[in-house]
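Novice: model24.csv is reproduced in full below (CSV, C-alpha atoms and all ligand atoms).
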```csv
chain,number,residue,atom,x,y,z
M,1,MET,CA,6.9,7.3,-8.7
M,2,PRO,CA,10.3,6.5,-7.3
M,3,TYR,CA,12.9,9.0,-8.4
M,4,VAL,CA,16.3,10.3,-7.5
M,5,PHE,CA,16.6,14.1,-7.0
M,6,HIS,CA,19.7,16.0,-7.8
M,7,ASP,CA,19.9,19.6,-6.5
M,8,VAL,CA,21.8,21.9,-8.9
M,9,ASP,CA,22.4,24.3,-6.0
M,10,VAL,CA,24.5,21.7,-4.1
M,11,SER,CA,25.6,19.1,-6.6
M,12,GLU,CA,28.5,19.7,-9.0
M,13,GLU,CA,27.6,16.6,-10.9
M,14,ALA,CA,24.0,17.7,-11.3
M,15,ARG,CA,25.2,21.1,-12.7
M,16,ALA,CA,27.6,19.4,-15.1
M,17,ARG,CA,24.8,17.0,-16.4
M,18,ILE,CA,22.4,19.9,-16.9
M,19,ALA,CA,25.1,21.9,-18.8
M,20,GLU,CA,25.6,18.9,-21.1
M,21,VAL,CA,21.9,19.2,-22.1
M,22,GLY,CA,21.2,22.9,-21.9
M,23,GLY,CA,24.5,24.5,-22.6
M,24,ARG,CA,25.3,27.5,-20.4
M,25,ARG,CA,21.7,28.2,-19.5
M,26,VAL,CA,20.7,26.0,-16.6
M,27,ARG,CA,17.1,24.9,-17.1
M,28,ILE,CA,15.4,23.1,-14.4
M,29,PRO,CA,13.6,20.8,-13.8
M,30,THR,CA,15.4,18.5,-16.2
M,31,VAL,CA,13.9,15.0,-16.0
M,32,GLU,CA,15.7,11.9,-17.2
M,33,ILE,CA,13.5,8.9,-17.8
M,34,ASP,CA,15.1,5.7,-19.1
M,35,GLY,CA,17.9,7.7,-20.7
M,36,GLU,CA,15.5,10.2,-22.3
M,37,LEU,CA,15.9,13.9,-21.2
M,38,LEU,CA,12.9,16.2,-20.8
M,39,VAL,CA,13.9,19.8,-20.2
M,40,ASP,CA,11.3,21.7,-18.1
M,41,PRO,CA,8.5,19.6,-19.5
M,42,PRO,CA,4.8,20.7,-19.3
M,43,LEU,CA,2.9,18.5,-16.8
M,44,ASP,CA,0.8,16.8,-19.5
M,45,GLN,CA,3.9,15.7,-21.3
M,46,LEU,CA,5.5,14.4,-18.1
M,47,LEU,CA,2.3,12.5,-17.2
M,48,SER,CA,2.0,11.0,-20.6
M,49,ARG,CA,5.7,9.9,-20.7
M,50,LEU,CA,5.2,8.3,-17.3
M,51,GLY,CA,2.0,6.5,-18.6
M,52,ILE,CA,-0.2,8.3,-16.1
M,53,ASP,CA,-3.8,9.1,-17.1
M,54,ALA,CA,-4.4,12.6,-15.6
M,55,ALA,CA,-8.2,12.0,-15.8
M,56,ASP,CA,-7.9,8.9,-13.6
M,57,ARG,CA,-9.4,10.0,-10.2
M,58,ARG,CA,-9.3,6.6,-8.6
M,59,PRO,CA,-7.5,6.6,-5.2
M,60,TYR,CA,-3.9,5.5,-5.2
M,61,TYR,CA,-2.0,3.8,-2.4
M,62,ASP,CA,1.6,2.5,-2.3
M,63,ALA,CA,0.3,-0.8,-0.9
M,64,VAL,CA,-3.1,-2.4,-0.6
M,65,ILE,CA,-3.4,-5.2,2.0
M,66,VAL,CA,-6.2,-7.5,1.3
M,67,VAL,CA,-7.8,-8.2,4.6
M,68,GLY,CA,-7.5,-7.2,8.2
M,69,GLY,CA,-6.8,-10.3,10.1
M,70,PRO,CA,-3.7,-10.4,12.3
M,71,THR,CA,-1.4,-11.0,9.3
M,72,GLY,CA,-2.8,-8.1,7.3
M,73,LEU,CA,-2.8,-5.7,10.2
M,74,THR,CA,0.8,-6.6,11.1
M,75,ALA,CA,1.9,-6.1,7.5
M,76,ALA,CA,0.0,-2.7,7.4
M,77,MET,CA,1.8,-1.6,10.5
M,78,TYR,CA,5.2,-2.3,8.9
M,79,THR,CA,4.4,-0.7,5.5
M,80,SER,CA,2.9,2.4,7.0
M,81,ARG,CA,5.7,2.7,9.4
M,82,GLU,CA,8.0,2.9,6.4
M,83,SER,CA,5.9,5.8,5.1
M,84,LEU,CA,4.1,3.8,2.4
M,85,ASP,CA,0.5,4.9,2.0
M,86,THR,CA,-1.3,1.8,3.0
M,87,LEU,CA,-4.9,0.7,2.7
M,88,VAL,CA,-6.3,-2.4,4.4
M,89,LEU,CA,-9.5,-3.9,2.9
M,90,GLU,CA,-11.5,-6.3,5.1
M,91,ARG,CA,-14.7,-7.9,4.0
M,92,ALA,CA,-16.1,-8.2,7.5
M,93,GLY,CA,-14.8,-6.5,10.7
M,94,VAL,CA,-11.1,-6.4,11.4
M,95,GLY,CA,-9.5,-9.2,13.4
M,96,GLY,CA,-10.2,-12.4,11.4
M,97,GLN,CA,-10.2,-15.5,13.4
M,98,ALA,CA,-8.4,-13.8,16.3
M,99,ALA,CA,-11.4,-11.6,16.9
M,100,ILE,CA,-13.5,-14.6,17.8
M,101,THR,CA,-10.9,-16.2,20.1
M,102,GLN,CA,-11.7,-15.9,23.7
M,103,ILE,CA,-8.2,-15.9,25.0
M,104,ILE,CA,-4.9,-16.2,23.1
M,105,GLU,CA,-2.5,-17.9,25.5
M,106,ASN,CA,0.6,-18.4,23.3
M,107,PHE,CA,1.4,-14.9,22.0
M,108,PRO,CA,5.0,-14.2,23.0
M,109,GLY,CA,5.3,-11.5,25.7
M,110,PHE,CA,1.7,-11.9,27.0
M,111,ASP,CA,2.4,-14.4,29.8
M,112,GLU,CA,-1.1,-14.2,31.2
M,113,GLY,CA,-2.7,-14.4,27.7
M,114,ILE,CA,-4.7,-11.7,26.0
M,115,GLY,CA,-8.4,-11.7,24.9
M,116,GLY,CA,-8.8,-12.0,21.1
M,117,ALA,CA,-10.9,-8.9,20.8
M,118,GLU,CA,-8.5,-6.8,22.8
M,119,PHE,CA,-5.5,-8.2,20.8
M,120,VAL,CA,-7.2,-7.2,17.6
M,121,ALA,CA,-8.3,-3.8,18.8
M,122,ARG,CA,-4.7,-3.1,19.8
M,123,LEU,CA,-3.4,-4.3,16.4
M,124,HIS,CA,-5.9,-2.1,14.6
M,125,ARG,CA,-4.9,1.0,16.7
M,126,GLN,CA,-1.2,0.3,16.2
M,127,ALA,CA,-1.6,0.0,12.3
M,128,GLU,CA,-3.6,3.3,12.2
M,129,LYS,CA,-1.2,5.0,14.5
M,130,PHE,CA,1.4,4.7,11.8
M,131,GLY,CA,-1.0,6.0,9.2
M,132,ALA,CA,-2.6,2.9,7.6
M,133,GLU,CA,-6.2,3.3,6.5
M,134,VAL,CA,-8.5,0.4,7.3
M,135,MET,CA,-11.7,-0.1,5.4
M,136,GLN,CA,-14.2,-2.6,6.8
M,137,GLY,CA,-17.1,-4.3,5.0
M,138,GLU,CA,-15.1,-4.1,1.7
M,139,GLU,CA,-14.7,-7.5,0.1
M,140,VAL,CA,-12.0,-7.8,-2.6
M,141,ALA,CA,-13.4,-9.3,-5.8
M,142,GLY,CA,-10.2,-9.3,-7.9
M,143,VAL,CA,-6.9,-7.7,-8.8
M,144,ARG,CA,-5.8,-6.9,-12.3
M,145,ARG,CA,-2.8,-5.3,-13.9
M,146,GLU,CA,-3.0,-1.9,-15.8
M,147,GLY,CA,0.4,-1.1,-17.2
M,148,GLN,CA,2.8,-0.7,-14.3
M,149,PHE,CA,0.0,-0.5,-11.7
M,150,LEU,CA,-2.4,-2.9,-10.1
M,151,VAL,CA,-6.1,-2.2,-9.7
M,152,VAL,CA,-7.9,-3.8,-6.8
M,153,ALA,CA,-11.6,-4.1,-7.4
M,154,THR,CA,-14.1,-4.7,-4.5
M,155,VAL,CA,-17.6,-6.2,-4.5
M,156,ASN,CA,-18.9,-2.7,-3.8
M,157,ARG,CA,-17.5,-1.6,-7.2
M,158,ARG,CA,-14.7,0.5,-5.6
M,159,GLU,CA,-11.4,0.5,-7.6
M,160,ILE,CA,-8.1,1.3,-6.0
M,161,VAL,CA,-4.8,1.8,-7.9
M,162,THR,CA,-1.6,0.6,-6.2
M,163,ARG,CA,1.9,-0.6,-6.7
M,164,ALA,CA,1.8,-3.6,-4.4
M,165,VAL,CA,-0.9,-6.0,-3.2
M,166,LEU,CA,-0.5,-8.3,-0.2
M,167,VAL,CA,-3.0,-11.0,0.1
M,168,ALA,CA,-3.5,-12.6,3.6
M,169,THR,CA,-6.9,-14.1,3.4
M,170,GLY,CA,-6.2,-16.6,6.2
M,171,SER,CA,-8.2,-19.8,6.5
M,172,ARG,CA,-11.6,-20.9,7.5
M,173,TYR,CA,-12.9,-24.1,9.0
M,174,ARG,CA,-14.3,-26.6,6.4
M,175,GLU,CA,-17.4,-28.3,7.7
M,176,MET,CA,-18.1,-31.9,7.0
M,177,GLY,CA,-21.8,-31.7,6.9
M,178,ILE,CA,-22.3,-34.1,9.8
M,179,PRO,CA,-25.5,-33.5,11.8
M,180,GLY,CA,-24.7,-31.8,15.2
M,181,GLU,CA,-21.2,-30.9,14.0
M,201,LIG,C1,-11.8,-20.1,18.0
M,201,LIG,C2,-10.3,-19.9,17.6
M,201,LIG,C3,-9.3,-19.9,18.6
M,201,LIG,C4,-8.0,-19.7,18.2
M,201,LIG,N1,-7.1,-19.6,19.2
M,201,LIG,C5,-5.8,-19.4,19.0
M,201,LIG,C6,-4.8,-19.3,20.0
M,201,LIG,O1,-5.1,-19.4,21.2
M,201,LIG,N2,-3.5,-19.1,19.6
M,201,LIG,C7,-3.1,-18.9,18.3
M,201,LIG,O2,-2.0,-18.7,18.0
M,201,LIG,N3,-4.0,-19.0,17.3
M,201,LIG,C8,-5.3,-19.2,17.6
M,201,LIG,N4,-6.3,-19.3,16.6
M,201,LIG,C9,-5.8,-19.2,15.2
M,201,LIG,C10,-5.5,-17.7,14.8
M,201,LIG,O3,-6.7,-16.9,15.2
M,201,LIG,C11,-5.2,-17.6,13.3
M,201,LIG,O4,-4.0,-18.3,13.1
M,201,LIG,C12,-5.0,-16.1,12.9
M,201,LIG,O5,-6.2,-15.4,13.1
M,201,LIG,C13,-4.6,-16.1,11.4
M,201,LIG,O6,-4.5,-14.8,11.0
M,201,LIG,P1,-4.6,-14.3,9.5
M,201,LIG,O7,-4.6,-12.8,9.5
M,201,LIG,O8,-3.5,-15.0,8.7
M,201,LIG,O9,-6.0,-14.9,8.9
M,201,LIG,P2,-7.5,-14.8,9.4
M,201,LIG,O10,-7.6,-14.5,10.9
M,201,LIG,O11,-8.2,-16.0,8.9
M,201,LIG,O12,-8.0,-13.5,8.7
M,201,LIG,C14,-8.3,-13.5,7.4
M,201,LIG,C15,-9.3,-12.3,7.1
M,201,LIG,O13,-9.5,-12.3,5.7
M,201,LIG,C16,-10.8,-11.7,5.4
M,201,LIG,N5,-11.0,-12.0,4.0
M,201,LIG,C17,-11.0,-13.2,3.3
M,201,LIG,N6,-11.2,-13.1,2.0
M,201,LIG,C18,-11.4,-11.7,1.8
M,201,LIG,C19,-11.7,-10.9,0.7
M,201,LIG,N7,-11.8,-11.4,-0.6
M,201,LIG,N8,-11.8,-9.5,0.8
M,201,LIG,C20,-11.6,-9.0,2.0
M,201,LIG,N9,-11.4,-9.7,3.2
M,201,LIG,C21,-11.3,-11.0,3.1
M,201,LIG,C22,-11.6,-12.5,6.4
M,201,LIG,O14,-12.8,-11.8,6.7
M,201,LIG,C23,-10.7,-12.4,7.7
M,201,LIG,O15,-10.9,-11.3,8.5
M,201,LIG,C24,-7.6,-19.5,16.9
M,201,LIG,C25,-8.6,-19.5,15.9
M,201,LIG,C26,-9.9,-19.7,16.2
M,201,LIG,C27,-11.0,-19.7,15.1
```
Please, can you express the file's structure as structure tokens?
Ligand SMILES: Cc1cc2nc3c(=O)[nH]c(=O)nc-3n(C[C@H](O)[C@H](O)[C@H](O)COP(=O)(O)OP(=O)(O)OC[C@H]3O[C@@H](n4cnc5c(N)ncnc54)[C@H](O)[C@@H]3O)c2cc1C

Specialist:
Amino acid sequence: MPYVFHDVDVSEEARARIAEVGGRRVRIPTVEIDGELLVDPPLDQLLSRLGIDAADRRPYYDAVIVVGGPTGLTAAMYTSRESLDTLVLERAGVGGQAAITQIIENFPGFDEGIGGAEFVARLHRQAEKFGAEVMQGEEVAGVRREGQFLVVATVNRREIVTRAVLVATGSRYREMGIPGE
């Protein structure tokens, strides 16, 4: 939940706002949600006001990246580097088409080219270095909205709750059905 924290020990403005609500007695935490003030609310009241089901034990990530090709892994590197809890779901092994490329000759900075498998392994390590979790063998079957959250469902009947989904399912070669193609 994104929120702004005001510390009554250091902020004159925060103390004044609390005094407006509670009179002379400072009671913290005071939580303001869409203009409504809750003074030292019990946890169940807070969860209910935020629309969170406390019995929901499904894992939560700030961002779920559908697939682990070069696009997905690069995105995961950036989101996790910004401290967003990130999960990458890949139906096969990471790397996408790049994993089956013998040598990539046009990647900027690699003047002698780089093997596809090595490139992918490096991307994978780099994303995990910043904290991204990568799940392989997990095919995404669908995404649905539940209130302010998104639920990502996989073919293996796993459900993940998140705020943001990035889909980077890449492309595959269409075959024409010609003998010997
Ligand atoms: C033989 C070959 C050689 C190539 N050589 C070069 C080259 O030299 N230079 C160059 O620039 N480019 C090259 N390319 C192209 C390059 O590999 C692609 O542009 C690049 O991989 C695209 O990355 P991507 O992450 O967008 O998609 P992809 O690599 O296509 O990855 C998509 C991923 O999505 C996964 N996926 C799809 N649907 C789901 C789902 N529902 N749930 C979970 N996962 C899912 C797939 O398993 C796959 O791993 C080559 C491609 C091939 C095949």

Novice: Ligand LIG 201 (chain M): which residues are within 8 Å, counting all atoms listed in the file, as a PyMOL selection string?

Specialist: chain M and resi 66-73+89-107+116+137-142+154+168-173

Novice: Please work out which residues fall within 7 Å of (1.0, 8.0, 1.5), coordinates as given in the file, with all atoms listed in the file counting, and return them as an MDAnalysis selection string.

Specialist: chainID M and resid 61:62 83:86

Novice: Restricting the calculation to only C-alpha atoms: of M:Gly51, M:Pro41, M:Gly109, M:Gly131, which residue gets closest to M:Thr79?

Specialist: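 Looking at the shortest contact to M:Thr79, the residue is M:Gly131.
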
Novice: I'd like the interatomic distance between atom CA of M:Arg25 and atom CA of M:Val39, to a tenth of an Å.

Specialist: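 Computing the Euclidean distance for atom CA of M:Arg25 and atom CA of M:Val39 yields 11.5 Å.
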
Novice: Which residues, written as a PyMOL selection string, have at least one atom at most 12 Å from M:Leu38, with all atoms listed in the file counted and residues fewer than 3 positions away on the same chain left out?

Specialist: chain M and resi 18+21-22+27-35+41-43+45-47+49-50

Novice: Could you tell me how far atom CA of M:Val165 sits from atom CA of M:Val152, in Å to one decimal place?

Specialist: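 A separation of 8.2 Å between them.
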
Novice: So how many Å separate atom CA of M:Glu159 and atom CA of M:Arg58, to one decimal?

Specialist: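 Taking atom CA of M:Glu159 and atom CA of M:Arg58, their separation equals 6.5 Å.
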
Novice: Go through M:Thr162, M:Ala14, M:Ala76, M:Phe119 one by one, measure the shortest atom-to-atom distance of each to M:Val134 using only C-alpha atoms, and give the residue with the smallest value.

Specialist: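 Nearest to M:Val134: M:Ala76.
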
Novice: Any idea what's packed within 7 Å of M:Phe130, counting all atoms listed in the file, ignoring anything in its chain fewer than 6 positions away? Could you give it as number ranges by chain?

Specialist: M: 77, 80-81

Novice: Taking all atoms listed in the file into account, which of M:Ala54, M:Ile160, M:Ile178, M:Ile114 comes nearest M:Val143?

Specialist: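 Nearest to M:Val143: M:Ile160.
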